[in-house]
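Enquirer: Structure supplied as run.json; contents: JSON, C-alpha atoms and all ligand atoms.
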```
[["chain", "number", "residue", "atom", "x", "y", "z"],
["A", 686, "MET", "CA", 9.17, 4.89, -14.11],
["A", 687, "ILE", "CA", 11.57, 4.43, -11.22],
["A", 688, "THR", "CA", 14.10, 1.88, -12.36],
["A", 689, "PHE", "CA", 15.03, -0.93, -10.02],
["A", 690, "GLU", "CA", 18.64, -0.87, -11.26],
["A", 691, "ILE", "CA", 19.49, 1.84, -8.73],
["A", 692, "GLY", "CA", 18.64, -0.33, -5.73],
["A", 693, "MET", "CA", 15.77, -0.08, -3.29],
["A", 694, "ASP", "CA", 17.45, 2.25, -0.77],
["A", 695, "GLU", "CA", 18.05, 4.84, -3.49],
["A", 696, "ILE", "CA", 14.55, 4.34, -4.91],
["A", 697, "LEU", "CA", 12.99, 5.00, -1.51],
["A", 698, "LYS", "CA", 15.16, 8.09, -1.12],
["A", 699, "GLN", "CA", 14.02, 9.47, -4.49],
["A", 700, "LEU", "CA", 10.37, 8.45, -4.29],
["A", 701, "PRO", "CA", 8.89, 11.34, -2.24],
["A", 702, "GLN", "CA", 10.41, 13.89, -4.65],
["A", 703, "CYS", "CA", 9.25, 11.92, -7.72],
["A", 704, "ALA", "CA", 5.73, 11.79, -6.23],
["A", 705, "LYS", "CA", 5.84, 15.53, -5.57],
["A", 706, "ASP", "CA", 7.04, 16.29, -9.10],
["A", 707, "THR", "CA", 4.22, 14.26, -10.67],
["A", 708, "HIS", "CA", 1.51, 15.16, -8.11],
["A", 709, "ASN", "CA", -0.38, 17.76, -10.15],
["A", 710, "GLU", "CA", -0.27, 15.76, -13.35],
["A", 711, "THR", "CA", -1.43, 12.60, -11.54],
["A", 712, "LYS", "CA", -4.22, 14.47, -9.76],
["A", 713, "LYS", "CA", -5.48, 15.82, -13.06],
["A", 714, "PHE", "CA", -5.26, 12.38, -14.64],
["A", 715, "PHE", "CA", -7.22, 10.83, -11.75],
["A", 716, "ASN", "CA", -9.91, 13.53, -11.98],
["A", 717, "THR", "CA", -10.48, 12.64, -15.62],
["A", 718, "LEU", "CA", -10.43, 8.93, -14.79],
["A", 719, "LYS", "CA", -13.08, 9.39, -12.09],
["A", 720, "LYS", "CA", -15.38, 11.21, -14.51],
["A", 721, "LYS", "CA", -15.09, 8.64, -17.28],
["A", 722, "PRO", "CA", -13.38, 5.37, -16.32],
["A", 723, "PRO", "CA", -12.58, 3.20, -19.35],
["A", 724, "LYS", "CA", -14.57, -0.03, -19.64],
["A", 725, "HIS", "CA", -11.46, -2.21, -19.44],
["A", 726, "LEU", "CA", -10.06, -0.52, -16.32],
["A", 727, "ASP", "CA", -10.36, -3.58, -14.02],
["A", 728, "VAL", "CA", -8.52, -5.76, -16.54],
["A", 729, "LEU", "CA", -5.86, -3.14, -17.17],
["A", 730, "MET", "CA", -5.18, -2.60, -13.45],
["A", 731, "GLN", "CA", -4.83, -6.33, -12.82],
["A", 732, "GLU", "CA", -2.32, -6.55, -15.69],
["A", 733, "LEU", "CA", -0.29, -3.52, -14.55],
["A", 734, "HIS", "CA", -0.34, -4.74, -10.93],
["A", 735, "ASP", "CA", 0.81, -8.27, -11.84],
["A", 736, "ASP", "CA", 3.58, -6.97, -14.15],
["A", 737, "GLU", "CA", 4.89, -4.58, -11.53],
["A", 738, "PHE", "CA", 4.89, -7.10, -8.69],
["A", 739, "GLU", "CA", 6.83, -9.55, -10.84],
["A", 740, "ARG", "CA", 9.64, -6.94, -10.85],
["A", 741, "THR", "CA", 9.22, -5.68, -7.29],
["A", 742, "ASP", "CA", 10.51, -7.63, -4.32],
["A", 743, "CYS", "CA", 8.62, -6.28, -1.31],
["A", 744, "LEU", "CA", 11.13, -7.91, 1.03],
["A", 745, "THR", "CA", 13.77, -5.43, -0.13],
["A", 746, "CYS", "CA", 11.37, -2.56, 0.62],
["A", 747, "ALA", "CA", 8.73, -2.92, 3.38],
["A", 748, "ASN", "CA", 8.24, 0.84, 3.21],
["A", 749, "CYS", "CA", 4.48, 0.46, 3.79],
["A", 750, "CYS", "CA", 5.11, -1.47, 7.04],
["A", 751, "LYS", "CA", 7.77, 1.06, 8.06],
["A", 752, "THR", "CA", 5.88, 4.27, 7.39],
["A", 753, "THR", "CA", 2.11, 3.76, 7.50],
["A", 754, "GLY", "CA", 0.64, 0.51, 8.72],
["A", 755, "PRO", "CA", -2.87, -0.81, 8.09],
["A", 756, "LEU", "CA", -6.32, -0.40, 9.56],
["A", 757, "PHE", "CA", -7.32, -3.33, 11.76],
["A", 758, "THR", "CA", -10.89, -4.51, 11.30],
["A", 759, "ASP", "CA", -12.73, -6.32, 14.12],
["A", 760, "LYS", "CA", -12.10, -9.59, 12.27],
["A", 761, "ASP", "CA", -8.37, -8.80, 12.05],
["A", 762, "VAL", "CA", -8.26, -8.09, 15.78],
["A", 763, "ALA", "CA", -10.07, -11.34, 16.63],
["A", 764, "ARG", "CA", -7.81, -13.42, 14.35],
["A", 765, "ILE", "CA", -4.50, -11.90, 15.46],
["A", 766, "ALA", "CA", -5.41, -11.87, 19.18],
["A", 767, "LYS", "CA", -6.29, -15.58, 18.87],
["A", 768, "HIS", "CA", -2.93, -16.20, 17.19],
["A", 769, "PHE", "CA", -1.19, -14.66, 20.22],
["A", 770, "ARG", "CA", -3.62, -16.38, 22.60],
["A", 771, "MET", "CA", -4.46, -12.93, 23.97],
["A", 772, "LYS", "CA", -7.82, -11.51, 24.92],
["A", 773, "GLU", "CA", -8.96, -9.09, 22.18],
["A", 774, "GLN", "CA", -9.10, -6.17, 24.62],
["A", 775, "LYS", "CA", -5.56, -6.90, 25.79],
["A", 776, "PHE", "CA", -4.34, -7.06, 22.18],
["A", 777, "ILE", "CA", -5.98, -3.70, 21.43],
["A", 778, "GLU", "CA", -4.50, -2.06, 24.53],
["A", 779, "THR", "CA", -1.03, -3.42, 23.77],
["A", 780, "TYR", "CA", -0.72, -2.66, 20.05],
["A", 781, "LEU", "CA", -3.51, -0.42, 18.76],
["A", 782, "ARG", "CA", -5.06, 3.01, 19.05],
["A", 783, "VAL", "CA", -8.17, 4.60, 17.59],
["A", 784, "ASP", "CA", -7.45, 7.21, 14.91],
["A", 785, "GLU", "CA", -9.38, 10.34, 13.92],
["A", 786, "ASP", "CA", -11.67, 8.28, 11.64],
["A", 787, "ASN", "CA", -12.49, 5.94, 14.53],
["A", 788, "ASP", "CA", -10.49, 3.06, 13.08],
["A", 789, "PHE", "CA", -8.04, 0.81, 14.90],
["A", 790, "VAL", "CA", -4.48, 1.51, 13.74],
["A", 791, "LEU", "CA", -0.99, 0.70, 15.02],
["A", 792, "GLN", "CA", 0.25, 2.63, 18.04],
["A", 793, "GLN", "CA", 3.55, 3.10, 16.28],
["A", 794, "VAL", "CA", 5.39, 2.71, 13.00],
["A", 795, "PRO", "CA", 7.46, 0.86, 11.86],
["A", 796, "CYS", "CA", 4.95, -1.88, 12.58],
["A", 797, "THR", "CA", 5.77, -3.88, 15.72],
["A", 798, "PHE", "CA", 5.33, -7.10, 13.75],
["A", 799, "LEU", "CA", 7.97, -6.21, 11.12],
["A", 800, "GLY", "CA", 11.28, -8.02, 11.53],
["A", 801, "ALA", "CA", 14.74, -6.57, 10.81],
["A", 802, "ASP", "CA", 14.82, -8.84, 7.74],
["A", 803, "ASN", "CA", 11.58, -7.17, 6.48],
["A", 804, "TYR", "CA", 9.55, -10.33, 7.13],
["A", 805, "CYS", "CA", 6.16, -9.98, 8.79],
["A", 806, "SER", "CA", 6.05, -12.08, 11.96],
["A", 807, "ILE", "CA", 2.27, -12.51, 11.69],
["A", 808, "TYR", "CA", 2.18, -12.96, 7.91],
["A", 809, "ASP", "CA", -0.39, -15.78, 7.89],
["A", 810, "VAL", "CA", -2.83, -13.84, 10.06],
["A", 811, "ARG", "CA", -1.87, -10.28, 9.05],
["A", 812, "PRO", "CA", -4.59, -7.62, 8.63],
["A", 813, "LYS", "CA", -6.58, -7.88, 5.42],
["A", 814, "ALA", "CA", -5.41, -4.38, 4.41],
["A", 815, "CYS", "CA", -1.76, -5.51, 4.51],
["A", 816, "GLY", "CA", -2.47, -8.26, 1.99],
["A", 817, "GLU", "CA", -4.30, -5.84, -0.28],
["A", 818, "PHE", "CA", -1.83, -2.92, -0.18],
["A", 819, "PRO", "CA", -1.27, -0.90, -2.44],
["A", 820, "HIS", "CA", -4.75, -1.80, -3.73],
["A", 821, "THR", "CA", -3.70, -1.28, -7.35],
["A", 822, "ASN", "CA", -5.61, -4.38, -8.53],
["A", 823, "ARG", "CA", -8.79, -3.26, -6.80],
["A", 824, "LYS", "CA", -11.95, -3.41, -8.89],
["A", 825, "LYS", "CA", -13.33, 0.06, -9.73],
["A", 826, "PHE", "CA", -9.89, 1.57, -9.13],
["A", 827, "GLN", "CA", -11.31, 5.02, -9.95],
["A", 828, "GLN", "CA", -12.91, 4.99, -6.47],
["A", 829, "ILE", "CA", -9.60, 4.89, -4.62],
["A", 830, "THR", "CA", -7.60, 7.49, -6.52],
["A", 831, "ASP", "CA", -7.35, 9.88, -3.53],
["A", 832, "LEU", "CA", -5.80, 7.12, -1.44],
["A", 833, "THR", "CA", -3.52, 6.14, -4.33],
["A", 834, "LEU", "CA", -2.31, 9.72, -4.69],
["A", 835, "GLN", "CA", -0.95, 9.35, -1.14],
["A", 836, "ASN", "CA", 0.34, 5.82, -1.66],
["A", 837, "VAL", "CA", 2.53, 6.69, -4.66],
["A", 838, "ALA", "CA", 4.74, 8.69, -2.29],
["A", 839, "ILE", "CA", 5.46, 5.64, -0.10],
["A", 840, "CYS", "CA", 5.15, 2.65, -2.43],
["A", 841, "PRO", "CA", 7.50, 2.48, -5.43],
["A", 842, "ALA", "CA", 5.34, -0.22, -7.03],
["A", 843, "ALA", "CA", 2.21, 1.94, -6.81],
["A", 844, "TYR", "CA", 4.18, 4.86, -8.27],
["A", 845, "ASN", "CA", 5.30, 2.80, -11.26],
["A", 846, "ILE", "CA", 1.83, 1.35, -11.80],
["A", 847, "VAL", "CA", 0.30, 4.83, -11.91],
["A", 848, "GLU", "CA", 2.99, 6.14, -14.26],
["A", 849, "GLU", "CA", 2.40, 3.18, -16.61],
["A", 850, "MET", "CA", -1.34, 3.71, -16.33],
["A", 851, "LYS", "CA", -0.95, 7.33, -17.44],
["A", 852, "LYS", "CA", 1.06, 6.22, -20.46],
["A", 853, "ARG", "CA", -1.37, 3.49, -21.47],
["A", 854, "LEU", "CA", -4.54, 5.55, -21.08],
["A", 855, "LYS", "CA", -3.16, 8.62, -22.81],
["A", 856, "LYS", "CA", -2.60, 6.70, -26.04],
["A", 901, "LIG", "S1", 3.72, -2.91, -1.24],
["A", 901, "LIG", "FE1", 4.91, -1.17, -1.97],
["A", 901, "LIG", "S2", 5.67, -0.10, -0.14],
["A", 901, "LIG", "FE2", 4.97, -2.13, 0.47],
["A", 901, "LIG", "S3", 6.80, -3.38, 0.43],
["A", 901, "LIG", "FE3", 5.81, -3.65, -1.57],
["A", 901, "LIG", "S4", 6.74, -2.10, -2.90],
["A", 901, "LIG", "FE4", 7.23, -1.55, -0.79],
["A", 902, "LIG", "S1", 1.23, -6.63, 10.11],
["A", 902, "LIG", "FE1", 2.89, -7.41, 8.86],
["A", 902, "LIG", "S2", 2.38, -6.83, 6.75],
["A", 902, "LIG", "FE2", 1.11, -5.60, 8.13],
["A", 902, "LIG", "S3", 2.22, -3.66, 8.46],
["A", 902, "LIG", "FE3", 2.82, -5.08, 10.10],
["A", 902, "LIG", "S4", 4.66, -6.10, 9.36],
["A", 902, "LIG", "FE4", 3.65, -5.17, 7.59]]
```
Rewrite the structure from the file as C-alpha cells, please.
Expert:
Amino acid sequence: MITFEIGMDEILKQLPQCAKDTHNETKKFFNTLKKKPPKHLDVLMQELHDDEFERTDCLTCANCCKTTGPLFTDKDVARIAKHFRMKEQKFIETYLRVDEDNDFVLQQVPCTFLGADNYCSIYDVRPKACGEFPHTNRKKFQQITDLTLQNVAICPAAYNIVEEMKKRLKK
C-alpha cells in the first residue's frame, strides 16, 4: 500500500513505478478473478472502496482530472451545455472531440473545468463518469479489470484498493 504519510505529490511521483512493479502480479490476479469471482465480491469492493476514500482526499490529488478525463455521454453533454446556456453543438465544438472509440472526450487535459485549487467548476453537473471514477465500487468488478489495470497507474486510491483486494482474496 502507498502510505499517505509521504504526501500526495510524492505519492503521485511514485505511483507509475509502483503500478509497473506490480503490473504482472495484478494482471495474473485479475485473470483468476475473472474466471471465478467470489460470491461476496460486490460487498468486498464496496467495503474496500469506502475504507480507502475515508483516507484519501481527492482535493489534494485530482490526478484523474489532470491526466485522463472522462467520456461524455449525450446526457452529460445536454446537462452541461444547459448549465452554460450554450447550444449542445457549440459546447461540443468548444470543449470536446471524438476519440478512436467514437466517444466524446475532452479536447485537452488537464480538464478545462479543473481549478487551480483542484475543485471542479462544474461539480454539480459533471459527467457521470467523473462521479464514478475509479469505479472500484462497481457491481461485478471482475468485468472492469482491464480498465482498472490502467487506472492503478493514475489513481493512488485505486492502486491501494487493488493491493488490499489481493491481500484479502489470497487468504
Ligand atoms: S479519484 Fe483517484 S486519481 Fe482521482 S482525485 Fe481521487 S485519488 Fe486522485
Ligand atoms: S469535469 Fe470536473 S470532475 Fe470531471 S475531469 Fe473535469 S474537473 Fe474533473
Enquirer: Would you list the residues that come within 8 Å of ligand LIG 902 (chain A)? Count all atoms listed in the file and give the answer as a list in words.
Expert: Ala747, Cys749, Cys750, Lys751, Thr753, Gly754, Pro755, Pro795, Cys796, Thr797, Phe798, Leu799, Gly800, Asn803, Tyr804, Cys805, Ser806, Ile807, Tyr808, Arg811, Pro812, Ala814, Cys815 and Gly816 of chain A
Enquirer: Can you tell me, as a list in words, what residues are no more than 9 Å from Leu781 of chain A when counting only C-alpha atoms, ignoring any on the same chain fewer than 6 positions away?
Expert: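 Close residues of Leu781 of chain A: Phe757, Phe789, Val790, Leu791, Gln792 and Gln793 of chain A.
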Enquirer: With distances taken over only C-alpha atoms, which of A:Lys824, A:Lys775, A:Cys746, A:Asp831 is nearest to Glu695 of chain A?
Expert: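 So, comparing all the options, the nearest one is A:Cys746.
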Enquirer: What are the closest atom pairs, with distances in Å to one decimal, for all residues of chain A lying within 7 Å of ligand LIG 901 (chain A)? Consider only C-alpha atoms and all ligand atoms, order rows by chain and residue number, and present the result as JSON lines.
Expert:
```
{"residue": "A:Thr741", "atom": "CA", "partner": "A:LIG901", "partner_atom": "S4", "distance": 6.2}
{"residue": "A:Asp742", "atom": "CA", "partner": "A:LIG901", "partner_atom": "FE3", "distance": 6.7}
{"residue": "A:Cys743", "atom": "CA", "partner": "A:LIG901", "partner_atom": "S3", "distance": 3.8}
{"residue": "A:Leu744", "atom": "CA", "partner": "A:LIG901", "partner_atom": "S3", "distance": 6.3}
{"residue": "A:Cys746", "atom": "CA", "partner": "A:LIG901", "partner_atom": "FE4", "distance": 4.5}
{"residue": "A:Ala747", "atom": "CA", "partner": "A:LIG901", "partner_atom": "S3", "distance": 3.6}
{"residue": "A:Asn748", "atom": "CA", "partner": "A:LIG901", "partner_atom": "S2", "distance": 4.3}
{"residue": "A:Cys749", "atom": "CA", "partner": "A:LIG901", "partner_atom": "S2", "distance": 4.1}
{"residue": "A:Cys750", "atom": "CA", "partner": "A:LIG901", "partner_atom": "FE2", "distance": 6.6}
{"residue": "A:Phe818", "atom": "CA", "partner": "A:LIG901", "partner_atom": "S1", "distance": 5.7}
{"residue": "A:Pro819", "atom": "CA", "partner": "A:LIG901", "partner_atom": "S1", "distance": 5.5}
{"residue": "A:Ile839", "atom": "CA", "partner": "A:LIG901", "partner_atom": "S2", "distance": 5.7}
{"residue": "A:Cys840", "atom": "CA", "partner": "A:LIG901", "partner_atom": "S2", "distance": 3.6}
{"residue": "A:Pro841", "atom": "CA", "partner": "A:LIG901", "partner_atom": "S4", "distance": 5.3}
{"residue": "A:Ala842", "atom": "CA", "partner": "A:LIG901", "partner_atom": "S4", "distance": 4.7}
{"residue": "A:Ala843", "atom": "CA", "partner": "A:LIG901", "partner_atom": "FE1", "distance": 6.4}
```
Enquirer: Just to confirm, what's the straight-line distance from atom CA of Asn709 of chain A to atom CA of Arg823 of chain A in Å (one decimal)?
Expert: 22.9 Å
Enquirer: With only C-alpha atoms as the basis for distance, which of A:Leu726, A:Leu756, A:Leu700, A:Leu854 is at the shortest distance from Lys813 of chain A?
Expert: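 Comparing A:Leu726, A:Leu756, A:Leu700, A:Leu854 against Lys813 of chain A, the winner is A:Leu756.
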Enquirer: Which residues are close to Arg764 of chain A, i.e. within 7 Å by all atoms listed in the file, leaving aside same-chain residues fewer than 4 positions away? Reply as a count of residues only.
Expert: 3
